[in-house]
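The file model30.csv contains CSV, C-alpha atoms:
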```csv
chain,number,residue,atom,x,y,z
I,9,MET,CA,-8.1,-57.2,3.8
I,10,HIS,CA,-10.7,-57.7,6.4
I,11,GLY,CA,-11.3,-60.6,8.7
I,12,ASN,CA,-14.0,-62.0,6.4
I,13,ASN,CA,-11.2,-63.6,4.4
I,14,LEU,CA,-10.8,-66.0,7.3
I,15,LYS,CA,-14.0,-67.8,6.5
I,16,PHE,CA,-13.6,-71.4,5.5
I,17,ASN,CA,-16.2,-74.0,4.4
I,18,PHE,CA,-15.7,-77.3,6.1
I,19,GLY,CA,-18.9,-78.8,4.8
I,20,PHE,CA,-17.0,-81.6,3.1
I,21,LEU,CA,-15.9,-82.8,6.6
I,22,ILE,CA,-19.4,-82.9,8.0
I,23,GLU,CA,-20.2,-86.2,6.3
I,24,ALA,CA,-16.7,-87.5,6.7
I,25,SER,CA,-15.8,-90.1,9.3
I,26,PRO,CA,-14.1,-89.0,12.6
I,27,GLY,CA,-10.4,-88.6,12.1
I,28,THR,CA,-10.6,-87.3,8.5
I,29,SER,CA,-8.4,-84.3,8.3
I,30,ASN,CA,-7.4,-81.6,5.8
I,31,ASN,CA,-4.6,-79.0,5.9
I,32,PHE,CA,-5.0,-75.3,5.1
I,33,GLU,CA,-2.7,-72.3,4.7
I,34,PHE,CA,-3.4,-68.5,4.6
I,35,GLU,CA,-1.1,-65.6,3.9
I,36,TYR,CA,-2.2,-62.0,3.9
I,37,PRO,CA,0.0,-58.9,3.7
I,38,ARG,CA,-2.5,-57.0,5.9
I,39,MET,CA,-5.5,-58.1,7.9
I,40,ILE,CA,-8.0,-56.1,9.9
I,41,ILE,CA,-10.2,-57.9,12.4
I,42,GLU,CA,-12.6,-55.8,14.4
I,43,ASP,CA,-10.5,-52.6,14.0
I,44,GLU,CA,-7.3,-54.5,15.0
I,45,GLU,CA,-4.6,-54.4,12.2
I,46,PHE,CA,-2.2,-57.3,11.8
I,47,VAL,CA,0.6,-57.0,9.3
I,48,PRO,CA,1.4,-59.5,7.8
I,49,MET,CA,-0.7,-62.6,8.8
I,50,ASN,CA,0.4,-66.1,7.9
I,51,GLY,CA,-0.9,-69.4,9.1
I,52,LYS,CA,-1.2,-73.1,8.7
I,53,PHE,CA,-3.8,-75.3,10.4
I,54,SER,CA,-5.5,-78.6,10.1
I,55,ALA,CA,-9.3,-79.2,10.3
I,56,THR,CA,-10.1,-82.7,11.7
I,57,ARG,CA,-13.6,-84.2,11.9
I,58,THR,CA,-14.4,-85.4,15.5
I,59,GLY,CA,-17.5,-86.8,17.0
I,60,GLU,CA,-18.5,-83.4,18.3
I,61,GLY,CA,-17.6,-81.2,15.3
I,62,ILE,CA,-14.4,-79.9,13.6
I,63,LEU,CA,-11.2,-79.5,15.5
I,64,ILE,CA,-9.0,-76.7,14.3
I,65,GLN,CA,-5.3,-77.0,15.2
I,66,GLY,CA,-2.4,-74.9,13.9
I,67,LYS,CA,-0.3,-71.8,14.3
I,68,PHE,CA,-0.2,-68.3,12.8
I,69,ILE,CA,2.4,-65.6,12.8
I,70,THR,CA,1.7,-61.9,12.6
I,71,SER,CA,2.8,-58.6,14.1
I,72,ALA,CA,1.0,-55.8,15.8
I,73,GLU,CA,1.9,-52.1,16.2
I,74,MET,CA,2.7,-51.4,19.9
I,75,ASP,CA,4.5,-48.8,22.0
I,76,CYS,CA,8.0,-49.9,23.1
I,77,ILE,CA,8.1,-50.0,26.9
I,78,ARG,CA,11.6,-48.3,26.9
I,79,CYS,CA,11.5,-45.5,24.3
I,80,LEU,CA,7.7,-45.3,23.8
I,81,GLU,CA,8.1,-45.4,20.0
I,82,LEU,CA,5.5,-47.3,17.9
I,83,SER,CA,7.0,-50.4,16.5
I,84,GLN,CA,5.9,-53.7,14.9
I,85,VAL,CA,6.1,-56.5,17.4
I,86,ALA,CA,6.0,-60.2,16.4
I,87,VAL,CA,3.1,-62.2,17.6
I,88,ASN,CA,3.2,-66.0,17.3
I,89,SER,CA,0.2,-68.1,18.3
I,90,PHE,CA,-0.9,-71.7,18.4
I,91,ILE,CA,-4.6,-72.4,18.0
I,92,GLU,CA,-6.6,-75.4,19.1
I,93,GLU,CA,-10.3,-75.1,19.2
I,94,LEU,CA,-13.3,-77.3,18.6
I,95,PHE,CA,-16.1,-75.9,16.5
I,96,PHE,CA,-19.2,-77.9,17.5
I,97,TYR,CA,-21.5,-79.4,14.9
I,98,PRO,CA,-24.4,-79.3,14.9
I,99,PRO,CA,-24.5,-76.0,16.8
I,100,SER,CA,-27.0,-77.4,19.3
I,101,ALA,CA,-24.2,-79.8,20.5
I,102,ALA,CA,-22.3,-76.9,22.0
I,103,PRO,CA,-22.1,-77.1,25.8
I,104,ASP,CA,-22.6,-73.3,26.3
I,105,SER,CA,-23.2,-70.1,24.4
I,106,ASP,CA,-19.5,-69.2,24.5
I,107,SER,CA,-18.4,-72.2,22.5
I,108,PHE,CA,-17.5,-71.9,18.9
I,109,THR,CA,-19.9,-73.5,16.4
I,110,MET,CA,-20.0,-74.4,12.8
I,111,GLY,CA,-23.2,-73.4,10.9
I,112,GLU,CA,-25.4,-75.8,9.1
I,113,ASP,CA,-23.9,-74.7,5.8
I,114,GLY,CA,-20.4,-75.8,7.0
I,115,ASN,CA,-19.0,-72.3,7.1
I,116,VAL,CA,-16.6,-71.3,9.9
I,117,ASP,CA,-15.3,-67.8,10.6
I,118,LEU,CA,-11.8,-68.1,12.2
I,119,SER,CA,-11.4,-64.3,12.6
I,120,PRO,CA,-12.8,-64.1,16.1
I,121,LEU,CA,-10.6,-67.0,17.3
I,122,ILE,CA,-7.5,-65.6,15.6
I,123,ARG,CA,-8.1,-62.1,16.9
I,124,GLN,CA,-8.6,-63.4,20.4
I,125,GLU,CA,-5.3,-65.5,20.3
I,126,ALA,CA,-3.3,-62.6,18.7
I,127,LEU,CA,-4.4,-60.2,21.5
I,128,ILE,CA,-3.7,-62.8,24.2
I,129,ASN,CA,-0.2,-63.6,22.8
I,130,ARG,CA,1.0,-60.0,22.4
I,131,PRO,CA,4.1,-59.5,24.4
I,132,MET,CA,3.4,-57.8,27.8
I,133,GLN,CA,6.6,-55.8,27.5
I,134,PRO,CA,7.1,-55.0,23.8
I,135,LEU,CA,10.5,-53.7,22.7
I,136,CYS,CA,11.2,-51.9,19.4
I,137,LYS,CA,14.5,-53.8,19.4
I,138,GLU,CA,16.3,-56.0,21.9
I,139,ASP,CA,19.0,-53.4,22.7
I,140,CYS,CA,16.6,-50.4,23.0
I,141,LYS,CA,18.3,-47.7,25.1
I,142,GLY,CA,15.1,-46.1,26.2
I,143,LEU,CA,14.6,-42.5,27.4
I,144,CYS,CA,16.8,-40.2,29.4
I,145,ILE,CA,15.4,-40.0,32.9
I,146,GLU,CA,16.4,-36.4,33.2
I,147,CYS,CA,15.4,-34.8,29.9
I,148,GLY,CA,13.3,-37.5,28.2
I,149,ALA,CA,15.4,-37.7,25.0
I,150,ASN,CA,15.2,-40.9,23.0
I,151,LEU,CA,18.7,-42.4,23.6
I,152,ASN,CA,18.4,-44.5,20.5
I,153,ASN,CA,18.4,-41.4,18.3
I,154,ASP,CA,20.8,-39.0,20.1
I,155,PRO,CA,22.9,-39.2,23.3
I,156,CYS,CA,22.0,-36.5,25.7
I,157,ASP,CA,24.4,-34.5,27.9
I,158,CYS,CA,22.5,-34.9,31.1
I,159,GLU,CA,24.5,-35.9,34.2
I,160,ILE,CA,22.6,-38.6,36.0
I,161,ASP,CA,23.0,-38.6,39.7
I,162,ASP,CA,21.3,-41.7,40.8
I,163,ILE,CA,22.4,-41.6,44.4
I,164,ASP,CA,19.6,-41.9,47.0
I,165,PRO,CA,19.5,-38.5,48.8
I,166,ARG,CA,19.6,-40.4,52.1
I,167,LEU,CA,23.0,-41.6,51.2
I,168,ALA,CA,24.4,-38.3,50.0
I,169,ALA,CA,26.5,-37.9,53.2
I,170,LEU,CA,28.1,-41.3,52.6
I,171,LYS,CA,28.9,-40.3,49.0
I,172,ALA,CA,30.6,-37.1,50.3
I,173,LEU,CA,32.7,-39.2,52.7
I,174,ILE,CA,33.8,-41.6,49.9
I,175,LYS,CA,34.8,-38.6,47.8
I,176,GLU,CA,36.8,-37.1,50.7
I,177,SER,CA,38.7,-40.4,51.3
I,178,ASP,CA,39.7,-40.6,47.6
```

Rendering of file as structure tokens:
Amino acid sequence: MHGNNLKFNFGFLIEASPGTSNNFEFEYPRMIIEDEEFVPMNGKFSATRTGEGILIQGKFITSAEMDCIRCLELSQVAVNSFIEELFFYPPSAAPDSDSFTMGEDGNVDLSPLIRQEALINRPMQPLCKEDCKGLCIECGANLNNDPCDCEIDDIDPRLAALKALIKESD
């Protein structure tokens, strides 16, 4: 599915009095927005008429494919986001060109907003699993798959003489 499935018509709210609200849900097994893939994508939001336009508030849950910071394997990482954005109506009421607007026909495309929030809310240090063992610092083997036989000597070379003294005293 492409992001164009996130277009909603809020025309019925244009003529409604401020405070009028309606709830919406969406659920897609796969969503592509501007070459970004989200699998799956589920969301719930409310659209409320305000004096300036339509206020969209809600949350969505998705996942994105990212490299694990420990083992560098691609994995699906959960992305949870809360959205709250005012879509100005009429479009001329928008304070600047970066503001979201609702067209005269009442249509609103939520895909740019949802893509933006999903990218912002991706974890900065994604893990394939909480207990990921990472890569061996000597041979580079993925320690989640196979243990390696590397002997890790993590002593600072400047303290090697001290290590030798400790071994002699034992």

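Relative to atom CA of Glu112 of chain I, atom CA of Ser89 of chain I is found at 28.3 Å.
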
Restrict the calculation to all atoms listed in the file, then for each residue of segment 56-143 of chain I with any atom at most 12 Å from an atom of segment 155-174 of chain I give the closest atom pair and their distance in Å to one decimal, rows by chain and rising residue number, as CSV.
```
residue,atom,partner,partner_atom,distance
I:Lys141,CA,I:Pro155,CA,9.8
I:Gly142,CA,I:Pro155,CA,10.8
I:Leu143,CA,I:Cys156,CA,9.7
```

Mind dumping the selected residues with C-alpha atoms as an mmCIF file, keeping the file's coordinate frame?
```cif
data_model
loop_
_atom_site.group_PDB
_atom_site.id
_atom_site.type_symbol
_atom_site.label_atom_id
_atom_site.label_comp_id
_atom_site.auth_asym_id
_atom_site.auth_seq_id
_atom_site.Cartn_x
_atom_site.Cartn_y
_atom_site.Cartn_z
ATOM 1 C CA LYS I 141 18.300 -47.700 25.100
ATOM 2 C CA GLY I 142 15.100 -46.100 26.200
ATOM 3 C CA LEU I 143 14.600 -42.500 27.400
#
```

Residues of segment 79-116 of chain I at most 10 Å from segment 20-23 of chain I: nearest atom pair and distance in Å, all atoms listed in the file, as a Markdown table:
```
| residue | atom | partner | partner_atom | distance |
| --- | --- | --- | --- | --- |
| I:Tyr97 | CA | I:Ile22 | CA | 8.0 |
| I:Pro98 | CA | I:Ile22 | CA | 9.3 |
| I:Met110 | CA | I:Ile22 | CA | 9.8 |
| I:Glu112 | CA | I:Ile22 | CA | 9.4 |
| I:Asp113 | CA | I:Ile22 | CA | 9.6 |
| I:Gly114 | CA | I:Ile22 | CA | 7.2 |
```

- Just the residues within 10 Å of segment 38-41 of chain I, please, counting all atoms listed in the file, with nothing from its chain fewer than 3 positions along; format it as an MDAnalysis selection string. chainID I and resid 9:14 35 44:50 70:71 119:120 122:124

What lies within 10 Å of Glu33 of chain I using all atoms listed in the file, ignoring chain neighbours under 4 positions off, as a PDB file with C-alpha atoms, in the coordinates of the input?
```
ATOM      1  CA  ASN I  50       0.400 -66.100   7.900  1.00  0.00           C
ATOM      2  CA  GLY I  51      -0.900 -69.400   9.100  1.00  0.00           C
ATOM      3  CA  LYS I  52      -1.200 -73.100   8.700  1.00  0.00           C
ATOM      4  CA  PHE I  53      -3.800 -75.300  10.400  1.00  0.00           C
ATOM      5  CA  SER I  54      -5.500 -78.600  10.100  1.00  0.00           C
ATOM      6  CA  GLY I  66      -2.400 -74.900  13.900  1.00  0.00           C
ATOM      7  CA  LYS I  67      -0.300 -71.800  14.300  1.00  0.00           C
ATOM      8  CA  PHE I  68      -0.200 -68.300  12.800  1.00  0.00           C
TER       9      PHE I  68
END
```

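In terms of minimum interatomic distance to Thr109 of chain I, I:Phe18 ranks closest within I:Glu42, I:Phe18, I:Leu80, I:Lys137, counting only C-alpha atoms.
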
- Message: Just the number, please: distance in Å from atom CA of Ala55 of chain I to atom CA of Ala86 of chain I, one decimal.
- Response: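 Taking atom CA of Ala55 of chain I as the start and atom CA of Ala86 of chain I as the end point, the length is 25.1 Å.
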
- Task: Check the smallest atom-to-atom distance from each of I:Pro99, I:Ser105, I:Cys76, I:Tyr36 to Cys140 of chain I using all atoms listed in the file, then report the winner.
- Result: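 Comparing I:Pro99, I:Ser105, I:Cys76, I:Tyr36 against Cys140 of chain I, the winner is I:Cys76.
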
- Task: Give the answer as one residue: which of I:Pro134, I:Pro103, I:Gly27, I:Gly19 has the shortest atom-to-atom distance to Ile77 of chain I, using all atoms listed in the file?
- Result: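 Selected residue with least distance to Ile77 of chain I: I:Pro134.
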
N, CA and C atoms are what I want for segment 87-109 of chain I; can you complete it accordingly and write them as a short mmCIF file (atom, residue, chain, number, x, y, z; two decimals), in the frame of the given file?
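Listing of result_1.cif after writing:
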```cif
data_model
loop_
_atom_site.label_atom_id
_atom_site.label_comp_id
_atom_site.auth_asym_id
_atom_site.auth_seq_id
_atom_site.Cartn_x
_atom_site.Cartn_y
_atom_site.Cartn_z
N VAL I 87 4.03 -61.50 16.83
CA VAL I 87 3.10 -62.20 17.60
C VAL I 87 2.93 -63.63 17.03
N ASN I 88 3.31 -64.63 17.78
CA ASN I 88 3.20 -66.00 17.30
C ASN I 88 2.18 -66.72 18.21
N SER I 89 1.27 -67.44 17.57
CA SER I 89 0.20 -68.10 18.30
C SER I 89 -0.07 -69.48 17.83
N PHE I 90 -0.48 -70.32 18.74
CA PHE I 90 -0.90 -71.70 18.40
C PHE I 90 -2.43 -71.70 18.72
N ILE I 91 -3.19 -72.26 17.81
CA ILE I 91 -4.60 -72.40 18.00
C ILE I 91 -5.04 -73.83 18.09
N GLU I 92 -5.96 -74.11 18.97
CA GLU I 92 -6.60 -75.40 19.10
C GLU I 92 -7.98 -75.21 19.63
N GLU I 93 -8.95 -75.37 18.77
CA GLU I 93 -10.30 -75.10 19.20
C GLU I 93 -11.28 -76.03 18.46
N LEU I 94 -12.28 -76.47 19.18
CA LEU I 94 -13.30 -77.30 18.60
C LEU I 94 -14.51 -76.48 18.23
N PHE I 95 -14.91 -76.59 16.98
CA PHE I 95 -16.10 -75.90 16.50
C PHE I 95 -17.20 -77.01 16.45
N PHE I 96 -18.17 -76.85 17.34
CA PHE I 96 -19.20 -77.90 17.50
C PHE I 96 -20.14 -77.92 16.30
N TYR I 97 -20.51 -79.16 15.91
CA TYR I 97 -21.50 -79.40 14.90
C TYR I 97 -22.32 -80.60 15.24
N PRO I 98 -23.62 -80.49 15.22
CA PRO I 98 -24.40 -79.30 14.90
C PRO I 98 -24.28 -78.28 16.08
N PRO I 99 -24.63 -77.01 15.80
CA PRO I 99 -24.50 -76.00 16.80
C PRO I 99 -25.20 -76.29 18.13
N SER I 100 -26.26 -77.07 18.05
CA SER I 100 -27.00 -77.40 19.30
C SER I 100 -26.19 -78.34 20.19
N ALA I 101 -25.08 -78.92 19.68
CA ALA I 101 -24.20 -79.80 20.50
C ALA I 101 -23.29 -79.01 21.39
N ALA I 102 -23.20 -77.71 21.19
CA ALA I 102 -22.30 -76.90 22.00
C ALA I 102 -22.73 -76.88 23.45
N PRO I 103 -21.79 -77.05 24.38
CA PRO I 103 -22.10 -77.10 25.80
C PRO I 103 -22.61 -75.77 26.38
N ASP I 104 -22.18 -74.65 25.79
CA ASP I 104 -22.60 -73.30 26.30
C ASP I 104 -22.59 -72.34 25.14
N SER I 105 -23.09 -71.16 25.41
CA SER I 105 -23.20 -70.10 24.40
C SER I 105 -21.86 -69.52 24.00
N ASP I 106 -20.81 -69.72 24.81
CA ASP I 106 -19.50 -69.20 24.50
C ASP I 106 -18.67 -70.09 23.60
N SER I 107 -19.17 -71.27 23.32
CA SER I 107 -18.40 -72.20 22.50
C SER I 107 -18.50 -71.81 21.02
N PHE I 108 -17.46 -72.16 20.30
CA PHE I 108 -17.50 -71.90 18.90
C PHE I 108 -18.29 -73.00 18.18
N THR I 109 -19.04 -72.60 17.16
CA THR I 109 -19.90 -73.50 16.40
C THR I 109 -19.68 -73.39 14.94
#
```
